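A.B. asks: Pasting target-v2.pdb here (PDB, C-alpha atoms):
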ATOM      1  CA  MET A 454     -24.356  -4.440 -23.267
ATOM      2  CA  ALA A 455     -20.623  -4.227 -23.846
ATOM      3  CA  ALA A 456     -18.835  -0.906 -23.991
ATOM      4  CA  SER A 457     -17.650   0.556 -27.282
ATOM      5  CA  LYS A 458     -13.943   0.561 -28.082
ATOM      6  CA  ASP A 459     -13.745   4.277 -27.252
ATOM      7  CA  GLN A 460     -15.415   3.673 -23.896
ATOM      8  CA  VAL A 461     -12.967   0.857 -23.142
ATOM      9  CA  ILE A 462     -10.048   3.117 -24.016
ATOM     10  CA  GLU A 463     -11.396   5.754 -21.616
ATOM     11  CA  LEU A 464     -11.770   3.154 -18.842
ATOM     12  CA  LEU A 465      -8.192   2.030 -19.469
ATOM     13  CA  LYS A 466      -6.929   5.618 -19.436
ATOM     14  CA  GLU A 467      -8.644   6.180 -16.103
ATOM     15  CA  ALA A 468      -6.982   3.037 -14.728
ATOM     16  CA  TYR A 469      -3.649   4.226 -16.138
ATOM     17  CA  CYS A 470      -4.006   7.540 -14.269
ATOM     18  CA  MET A 471      -4.981   5.695 -11.083
ATOM     19  CA  GLU A 472      -1.872   3.514 -11.296
ATOM     20  CA  LEU A 473       0.422   6.503 -11.859
ATOM     21  CA  GLU A 474      -1.150   8.410  -8.967
ATOM     22  CA  THR A 475      -0.614   5.350  -6.793
ATOM     23  CA  VAL A 476       3.063   5.293  -7.774
ATOM     24  CA  MET A 477       3.463   8.934  -6.760
ATOM     25  CA  ASN A 478       1.701   8.462  -3.422
ATOM     26  CA  TYR A 479       3.502   5.204  -2.598
ATOM     27  CA  LEU A 480       6.830   6.830  -3.427
ATOM     28  CA  ALA A 481       6.069   9.852  -1.253
ATOM     29  CA  ASN A 482       4.896   7.706   1.648
ATOM     30  CA  SER A 483       7.821   5.276   1.330
ATOM     31  CA  ILE A 484      10.181   8.224   1.767
ATOM     32  CA  ASN A 485       8.215  10.551   4.054
ATOM     33  CA  LEU A 486       7.137   8.167   6.814
ATOM     34  CA  ASP A 487       9.159   8.358  10.028
ATOM     35  CA  GLY A 488       9.492   6.105  13.030
ATOM     36  CA  VAL A 489      10.339   2.551  13.912
ATOM     37  CA  ARG A 490       6.751   1.395  13.332
ATOM     38  CA  ALA A 491       6.845   2.828   9.824
ATOM     39  CA  GLU A 492       9.738   0.755   8.491
ATOM     40  CA  GLU A 493       7.744  -2.299   7.343
ATOM     41  CA  ILE A 494       5.141  -0.098   5.659
ATOM     42  CA  LYS A 495       7.840   1.932   3.916
ATOM     43  CA  LYS A 496       9.484  -1.244   2.621
ATOM     44  CA  SER A 497       6.196  -2.661   1.402
ATOM     45  CA  LEU A 498       5.226   0.555  -0.384
ATOM     46  CA  GLY A 499       8.664   0.861  -1.947
ATOM     47  CA  ALA A 500       8.459  -2.704  -3.233
ATOM     48  CA  ASP A 501       4.958  -2.134  -4.652
ATOM     49  CA  ILE A 502       6.038   0.843  -6.771
ATOM     50  CA  THR A 503       7.597  -1.384  -9.433
ATOM     51  CA  GLY A 504       4.423  -3.461  -9.676
ATOM     52  CA  GLU A 505       2.236  -0.389 -10.047
ATOM     53  CA  ILE A 506       4.492   0.973 -12.815
ATOM     54  CA  GLY A 507       4.170  -2.431 -14.464
ATOM     55  CA  HIS A 508       0.384  -2.142 -14.284
ATOM     56  CA  ALA A 509       0.503   1.312 -15.904
ATOM     57  CA  THR A 510       2.791  -0.040 -18.634
ATOM     58  CA  GLN A 511       0.469  -2.948 -19.404
ATOM     59  CA  LEU A 512      -2.517  -0.618 -19.520
ATOM     60  CA  GLY A 513      -0.616   1.746 -21.791
ATOM     61  CA  HIS A 514       0.209  -1.030 -24.236
ATOM     62  CA  ARG A 515      -3.429  -2.130 -24.332
ATOM     63  CA  ILE A 516      -4.603   1.447 -24.915
ATOM     64  CA  LYS A 517      -2.210   1.686 -27.863
ATOM     65  CA  GLN A 518      -3.311  -1.720 -29.226
ATOM     66  CA  LEU A 519      -6.902  -0.497 -29.222
ATOM     67  CA  GLY A 520      -5.932   2.587 -31.229
ATOM     68  CA  GLY A 521      -5.750   5.066 -28.375
ATOM     69  CA  LEU A 522      -2.896   7.280 -27.308
ATOM     70  CA  LEU A 523      -1.469   7.663 -23.839
ATOM     71  CA  PRO A 524      -1.846  11.126 -22.382
ATOM     72  CA  GLY A 525       1.204  13.098 -21.363
ATOM     73  CA  SER A 526       1.432  14.756 -17.978
ATOM     74  CA  GLY A 527      -0.939  17.545 -19.044
ATOM     75  CA  GLY A 528      -3.664  15.046 -19.878
ATOM     76  CA  LEU A 529      -3.512  13.088 -16.642
ATOM     77  CA  LYS A 530      -6.156  13.538 -13.967
ATOM     78  CA  PHE A 531      -4.839  13.209 -10.432
ATOM     79  CA  GLY A 532      -6.044  14.110  -6.981
ATOM     80  CA  LYS A 533      -8.695  11.440  -6.494
ATOM     81  CA  GLN A 534      -6.650   9.512  -3.928
ATOM     82  CA  VAL A 535      -6.027  10.414  -0.301
ATOM     83  CA  GLN A 536      -2.813  12.409  -0.283
ATOM     84  CA  PRO A 537       0.243  11.613   1.864
ATOM     85  CA  PRO A 538      -0.243  13.033   5.376
ATOM     86  CA  ALA A 539       1.603  16.067   6.684
ATOM     87  CA  ASP A 540       2.254  14.102   9.902
ATOM     88  CA  THR A 541       5.114  11.821   8.884
ATOM     89  CA  THR A 542       4.382   9.457  11.773
ATOM     90  CA  ASP A 543       0.757   8.846  10.750
ATOM     91  CA  VAL A 544       1.325   5.231   9.737
ATOM     92  CA  VAL A 545      -2.335   4.278  10.244
ATOM     93  CA  GLY A 546      -3.431   7.155   7.998
ATOM     94  CA  VAL A 547      -1.103   5.918   5.261
ATOM     95  CA  ILE A 548      -2.354   2.349   5.617
ATOM     96  CA  LYS A 549      -5.974   3.522   5.378
ATOM     97  CA  ALA A 550      -5.141   5.607   2.287
ATOM     98  CA  VAL A 551      -3.511   2.589   0.642
ATOM     99  CA  ILE A 552      -6.565   0.459   1.443
ATOM    100  CA  GLN A 553      -8.835   3.087  -0.121
ATOM    101  CA  ALA A 554      -6.663   3.328  -3.250
ATOM    102  CA  GLU A 555      -6.610  -0.466  -3.618
ATOM    103  CA  GLU A 556     -10.383  -0.720  -3.112
ATOM    104  CA  ASP A 557     -10.920   1.988  -5.728
ATOM    105  CA  ALA A 558      -8.620   0.154  -8.152
ATOM    106  CA  CYS A 559     -10.435  -3.147  -7.550
ATOM    107  CA  ASN A 560     -13.785  -1.498  -8.187
ATOM    108  CA  HIS A 561     -12.529   0.152 -11.370
ATOM    109  CA  TYR A 562     -11.091  -3.106 -12.715
ATOM    110  CA  LYS A 563     -14.373  -4.903 -11.932
ATOM    111  CA  LYS A 564     -16.244  -2.188 -13.831
ATOM    112  CA  THR A 565     -13.917  -2.606 -16.817
ATOM    113  CA  ILE A 566     -14.216  -6.395 -16.684
ATOM    114  CA  LYS A 567     -18.003  -6.091 -16.865
ATOM    115  CA  ALA A 568     -17.809  -3.500 -19.647
ATOM    116  CA  THR A 569     -15.690  -5.793 -21.822
ATOM    117  CA  ASP A 570     -17.527  -9.045 -21.084
ATOM    118  CA  GLY A 571     -18.278 -11.027 -24.216
ATOM    119  CA  GLU A 572     -16.552  -8.524 -26.512
ATOM    120  CA  ASP A 573     -12.952  -7.691 -25.606
ATOM    121  CA  TYR A 574     -11.440 -10.748 -23.983
ATOM    122  CA  VAL A 575      -7.880  -9.412 -24.098
ATOM    123  CA  THR A 576      -8.742  -6.296 -22.096
ATOM    124  CA  GLN A 577     -10.920  -8.372 -19.805
ATOM    125  CA  ASP A 578      -8.077 -10.829 -19.156
ATOM    126  CA  LEU A 579      -5.635  -7.982 -18.473
ATOM    127  CA  CYS A 580      -8.026  -6.397 -15.980
ATOM    128  CA  ILE A 581      -8.656  -9.726 -14.255
ATOM    129  CA  ARG A 582      -4.897 -10.176 -13.756
ATOM    130  CA  LEU A 583      -4.495  -6.603 -12.496
ATOM    131  CA  LEU A 584      -7.481  -7.082 -10.182
ATOM    132  CA  ALA A 585      -5.768 -10.115  -8.662
ATOM    133  CA  ASP A 586      -2.663  -8.021  -7.906
ATOM    134  CA  GLU A 587      -4.721  -5.213  -6.396
ATOM    135  CA  GLU A 588      -6.686  -7.650  -4.228
ATOM    136  CA  GLU A 589      -3.401  -9.095  -2.954
ATOM    137  CA  HIS A 590      -2.183  -5.608  -1.965
ATOM    138  CA  LEU A 591      -5.543  -4.865  -0.370
ATOM    139  CA  ILE A 592      -5.431  -7.984   1.792
ATOM    140  CA  GLN A 593      -1.835  -7.241   2.808
ATOM    141  CA  PHE A 594      -2.646  -3.706   3.958
ATOM    142  CA  LYS A 595      -5.844  -4.768   5.714
ATOM    143  CA  GLY A 596      -3.590  -7.150   7.654
ATOM    144  CA  PHE A 597      -1.228  -4.284   8.488
ATOM    145  CA  LEU A 598      -4.183  -2.227   9.695
ATOM    146  CA  LYS A 599      -5.261  -5.003  12.077
ATOM    147  CA  GLU A 600      -1.815  -5.017  13.637
ATOM    148  CA  TYR A 601      -1.645  -1.236  13.984
ATOM    149  CA  THR A 602      -5.122  -0.807  15.442
ATOM    150  CA  LYS A 603      -5.035  -3.531  18.129
TER     151      LYS A 603
END
Please re-express this file's structure in structure tokens.
C.D. replies:
Amino acid sequence: MAASKDQVIELLKEAYCMELETVMNYLANSINLDGVRAEEIKKSLGADITGEIGHATQLGHRIKQLGGLLPGSGGLKFGKQVQPPADTTDVVGVIKAVIQAEEDACNHYKKTIKATDGEDYVTQDLCIRLLADEEEHLIQFKGFLKEYTK
């Protein structure tokens, strides 16, 4: 059974919060990491920030189209993701945190895709496209992890 419009809006709001939390954590890690081995990860995270903001923007527009309103900072729920490490040379810890965030995003988009199946094709299509981006990031960081844990 497909989700109601209000349920879809709530799923989209949750995804919106996830994307914004990812932006904050990627930004922190892209600045905080130290060391020669960290440079490629920092560059990759820095480059991904724009894409994640784009995801949040697309989600926000869809929320509005469905009759919902975007929450301001007081209405956002953060803290579900692994936070940037205190050890600024913990590159593997950052990579693992990114993998977890991307897996969580993929799972959430799959849940939303199922919830909108047969009813809300526009939201479903948006989430399928966002899922593809998240899977690409996930594969990239799993590749980084292989290199760092040889």
A.B. asks: Just the residues within 6 Å of range 506-516 of chain A, please, counting only C-alpha atoms, with nothing from its chain fewer than 5 positions along; format it as number ranges by chain.
C.D. replies: A: 462, 469, 472, 521
A.B. asks: Just so the selection is clear, what residues does the PyMOL selection byres ((chain A and resi 568) around 12) cover here, as a PDB file with C-alpha atoms, keeping the file's coordinate frame?
C.D. replies:
ATOM      1  CA  MET A 454     -24.356  -4.440 -23.267  1.00  0.00           C
ATOM      2  CA  ALA A 455     -20.623  -4.227 -23.846  1.00  0.00           C
ATOM      3  CA  ALA A 456     -18.835  -0.906 -23.991  1.00  0.00           C
ATOM      4  CA  SER A 457     -17.650   0.556 -27.282  1.00  0.00           C
ATOM      5  CA  LYS A 458     -13.943   0.561 -28.082  1.00  0.00           C
ATOM      6  CA  ASP A 459     -13.745   4.277 -27.252  1.00  0.00           C
ATOM      7  CA  GLN A 460     -15.415   3.673 -23.896  1.00  0.00           C
ATOM      8  CA  VAL A 461     -12.967   0.857 -23.142  1.00  0.00           C
ATOM      9  CA  ILE A 462     -10.048   3.117 -24.016  1.00  0.00           C
ATOM     10  CA  GLU A 463     -11.396   5.754 -21.616  1.00  0.00           C
ATOM     11  CA  LEU A 464     -11.770   3.154 -18.842  1.00  0.00           C
ATOM     12  CA  LEU A 465      -8.192   2.030 -19.469  1.00  0.00           C
ATOM     13  CA  HIS A 561     -12.529   0.152 -11.370  1.00  0.00           C
ATOM     14  CA  TYR A 562     -11.091  -3.106 -12.715  1.00  0.00           C
ATOM     15  CA  LYS A 563     -14.373  -4.903 -11.932  1.00  0.00           C
ATOM     16  CA  LYS A 564     -16.244  -2.188 -13.831  1.00  0.00           C
ATOM     17  CA  THR A 565     -13.917  -2.606 -16.817  1.00  0.00           C
ATOM     18  CA  ILE A 566     -14.216  -6.395 -16.684  1.00  0.00           C
ATOM     19  CA  LYS A 567     -18.003  -6.091 -16.865  1.00  0.00           C
ATOM     20  CA  THR A 569     -15.690  -5.793 -21.822  1.00  0.00           C
ATOM     21  CA  ASP A 570     -17.527  -9.045 -21.084  1.00  0.00           C
ATOM     22  CA  GLY A 571     -18.278 -11.027 -24.216  1.00  0.00           C
ATOM     23  CA  GLU A 572     -16.552  -8.524 -26.512  1.00  0.00           C
ATOM     24  CA  ASP A 573     -12.952  -7.691 -25.606  1.00  0.00           C
ATOM     25  CA  TYR A 574     -11.440 -10.748 -23.983  1.00  0.00           C
ATOM     26  CA  THR A 576      -8.742  -6.296 -22.096  1.00  0.00           C
ATOM     27  CA  GLN A 577     -10.920  -8.372 -19.805  1.00  0.00           C
ATOM     28  CA  CYS A 580      -8.026  -6.397 -15.980  1.00  0.00           C
TER      29      CYS A 580
END
A.B. asks: I need the residue set behind the PyMOL selection byres ((chain A and resi 542) around 6) for this file; please write it as a list of chain:residue names.
C.D. replies: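 After applying the PyMOL selection byres ((chain A and resi 542) around 6), what remains is A:Leu486, A:Asp487, A:Asp540, A:Thr541, A:Asp543, A:Val544.
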A.B. asks: Translate the PyMOL selection byres ((chain A and resi 532) around 12), as applied to the file shown, into an explicit residue set as a list of chain:residue names.
C.D. replies: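 Checked against the file, the PyMOL selection byres ((chain A and resi 532) around 12) matches A:Cys470, A:Met471, A:Leu473, A:Glu474, A:Thr475, A:Met477, A:Asn478, A:Leu529, A:Lys530, A:Phe531, A:Lys533, A:Gln534, A:Val535, A:Gln536, A:Pro537, A:Ala554.
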A.B. asks: Enter the distance from CA of Pro524 in chain A to CA of Ile552 in chain A, in Å, rounded to one decimal.
C.D. replies: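 Taking CA of Pro524 in chain A as the start and CA of Ile552 in chain A as the end point, the length is 26.5 Å.
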A.B. asks: Smallest atom-to-atom distance to Glu555 in chain A: which of A:Leu522, A:Leu480, A:Ala585, A:Leu579, using all atoms listed in the file?
C.D. replies: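 Using all atoms listed in the file, the shortest distance to Glu555 in chain A belongs to A:Ala585.
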A.B. asks: Rounded to one decimal, what separation in Å do you get between CA of Thr503 in chain A and CA of Lys549 in chain A?
C.D. replies: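 About the pair CA of Thr503 in chain A and CA of Lys549 in chain A: they are 20.7 Å apart.
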A.B. asks: With a distance cut-off of 12 Å and only C-alpha atoms, select the neighbouring residues of Thr602 in chain A, excluding the residue or stretch itself and same-chain residues fewer than 5 positions from it, and output the selection as a list in words.
C.D. replies: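 Result of the neighbour search: Val544, Val545, Gly546, Ile548, Lys549, Lys595, Gly596 and Phe597 of chain A.
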A.B. asks: Can you rebuild range 561-572 of chain A with all heavy atoms and give it as a compact mmCIF listing (two decimals), in the frame of the given file?
C.D. replies:
# COMPACT_ATOMS: atom_id res chain seq x y z
N HIS A 561 -12.67 -0.31 -9.98
CA HIS A 561 -12.53 0.15 -11.37
C HIS A 561 -12.24 -1.03 -12.30
O HIS A 561 -12.80 -1.10 -13.40
CB HIS A 561 -11.43 1.22 -11.49
CG HIS A 561 -11.37 1.81 -12.86
ND1 HIS A 561 -12.29 2.74 -13.30
CD2 HIS A 561 -10.54 1.56 -13.91
CE1 HIS A 561 -12.02 3.05 -14.56
NE2 HIS A 561 -10.97 2.35 -14.94
N TYR A 562 -11.38 -1.94 -11.87
CA TYR A 562 -11.09 -3.11 -12.72
C TYR A 562 -12.33 -3.98 -12.87
O TYR A 562 -12.59 -4.50 -13.96
CB TYR A 562 -9.90 -3.90 -12.18
CG TYR A 562 -8.59 -3.18 -12.45
CD1 TYR A 562 -7.70 -2.91 -11.43
CD2 TYR A 562 -8.27 -2.75 -13.73
CE1 TYR A 562 -6.52 -2.23 -11.68
CE2 TYR A 562 -7.10 -2.07 -13.99
CZ TYR A 562 -6.22 -1.81 -12.96
OH TYR A 562 -5.06 -1.14 -13.22
N LYS A 563 -13.13 -4.13 -11.82
CA LYS A 563 -14.37 -4.90 -11.93
C LYS A 563 -15.33 -4.24 -12.93
O LYS A 563 -15.98 -4.93 -13.73
CB LYS A 563 -15.05 -5.03 -10.56
CG LYS A 563 -14.32 -5.98 -9.63
CD LYS A 563 -14.95 -5.98 -8.24
CE LYS A 563 -14.17 -6.84 -7.27
NZ LYS A 563 -14.73 -6.79 -5.90
N LYS A 564 -15.40 -2.93 -12.89
CA LYS A 564 -16.24 -2.19 -13.83
C LYS A 564 -15.78 -2.43 -15.27
O LYS A 564 -16.59 -2.66 -16.18
CB LYS A 564 -16.18 -0.69 -13.49
CG LYS A 564 -16.96 0.21 -14.40
CD LYS A 564 -16.79 1.66 -13.96
CE LYS A 564 -17.43 2.63 -14.92
NZ LYS A 564 -17.24 4.03 -14.49
N THR A 565 -14.46 -2.40 -15.47
CA THR A 565 -13.92 -2.61 -16.82
C THR A 565 -14.12 -4.05 -17.27
O THR A 565 -14.41 -4.30 -18.45
CB THR A 565 -12.42 -2.21 -16.85
OG1 THR A 565 -12.29 -0.88 -16.34
CG2 THR A 565 -11.87 -2.26 -18.26
N ILE A 566 -13.98 -4.99 -16.36
CA ILE A 566 -14.22 -6.40 -16.68
C ILE A 566 -15.65 -6.59 -17.16
O ILE A 566 -15.90 -7.25 -18.18
CB ILE A 566 -13.90 -7.29 -15.45
CG1 ILE A 566 -12.39 -7.31 -15.20
CG2 ILE A 566 -14.45 -8.70 -15.64
CD1 ILE A 566 -11.99 -7.82 -13.82
N LYS A 567 -16.60 -5.99 -16.46
CA LYS A 567 -18.00 -6.09 -16.86
C LYS A 567 -18.25 -5.40 -18.21
O LYS A 567 -19.00 -5.90 -19.05
CB LYS A 567 -18.90 -5.47 -15.79
CG LYS A 567 -19.04 -6.32 -14.56
CD LYS A 567 -19.95 -5.67 -13.53
CE LYS A 567 -19.98 -6.50 -12.26
NZ LYS A 567 -20.75 -5.86 -11.20
N ALA A 568 -17.60 -4.27 -18.42
CA ALA A 568 -17.81 -3.50 -19.65
C ALA A 568 -17.26 -4.22 -20.88
O ALA A 568 -17.73 -3.97 -22.00
CB ALA A 568 -17.15 -2.12 -19.52
N THR A 569 -16.30 -5.10 -20.68
CA THR A 569 -15.69 -5.79 -21.82
C THR A 569 -16.19 -7.22 -21.97
O THR A 569 -15.80 -7.91 -22.91
CB THR A 569 -14.16 -5.80 -21.67
OG1 THR A 569 -13.81 -6.40 -20.42
CG2 THR A 569 -13.58 -4.40 -21.76
N ASP A 570 -17.06 -7.66 -21.09
CA ASP A 570 -17.53 -9.04 -21.08
C ASP A 570 -18.18 -9.42 -22.41
O ASP A 570 -19.06 -8.72 -22.91
CB ASP A 570 -18.51 -9.26 -19.94
CG ASP A 570 -18.80 -10.73 -19.72
OD1 ASP A 570 -17.88 -11.56 -19.86
OD2 ASP A 570 -19.96 -11.06 -19.39
N GLY A 571 -17.71 -10.51 -22.98
CA GLY A 571 -18.28 -11.03 -24.22
C GLY A 571 -17.81 -10.33 -25.48
O GLY A 571 -18.19 -10.72 -26.57
N GLU A 572 -17.00 -9.30 -25.34
CA GLU A 572 -16.55 -8.52 -26.51
C GLU A 572 -15.04 -8.42 -26.63
O GLU A 572 -14.47 -8.72 -27.66
CB GLU A 572 -17.14 -7.11 -26.46
CG GLU A 572 -18.60 -7.02 -26.77
CD GLU A 572 -18.93 -7.39 -28.21
OE1 GLU A 572 -18.18 -7.02 -29.12
OE2 GLU A 572 -19.94 -8.08 -28.41
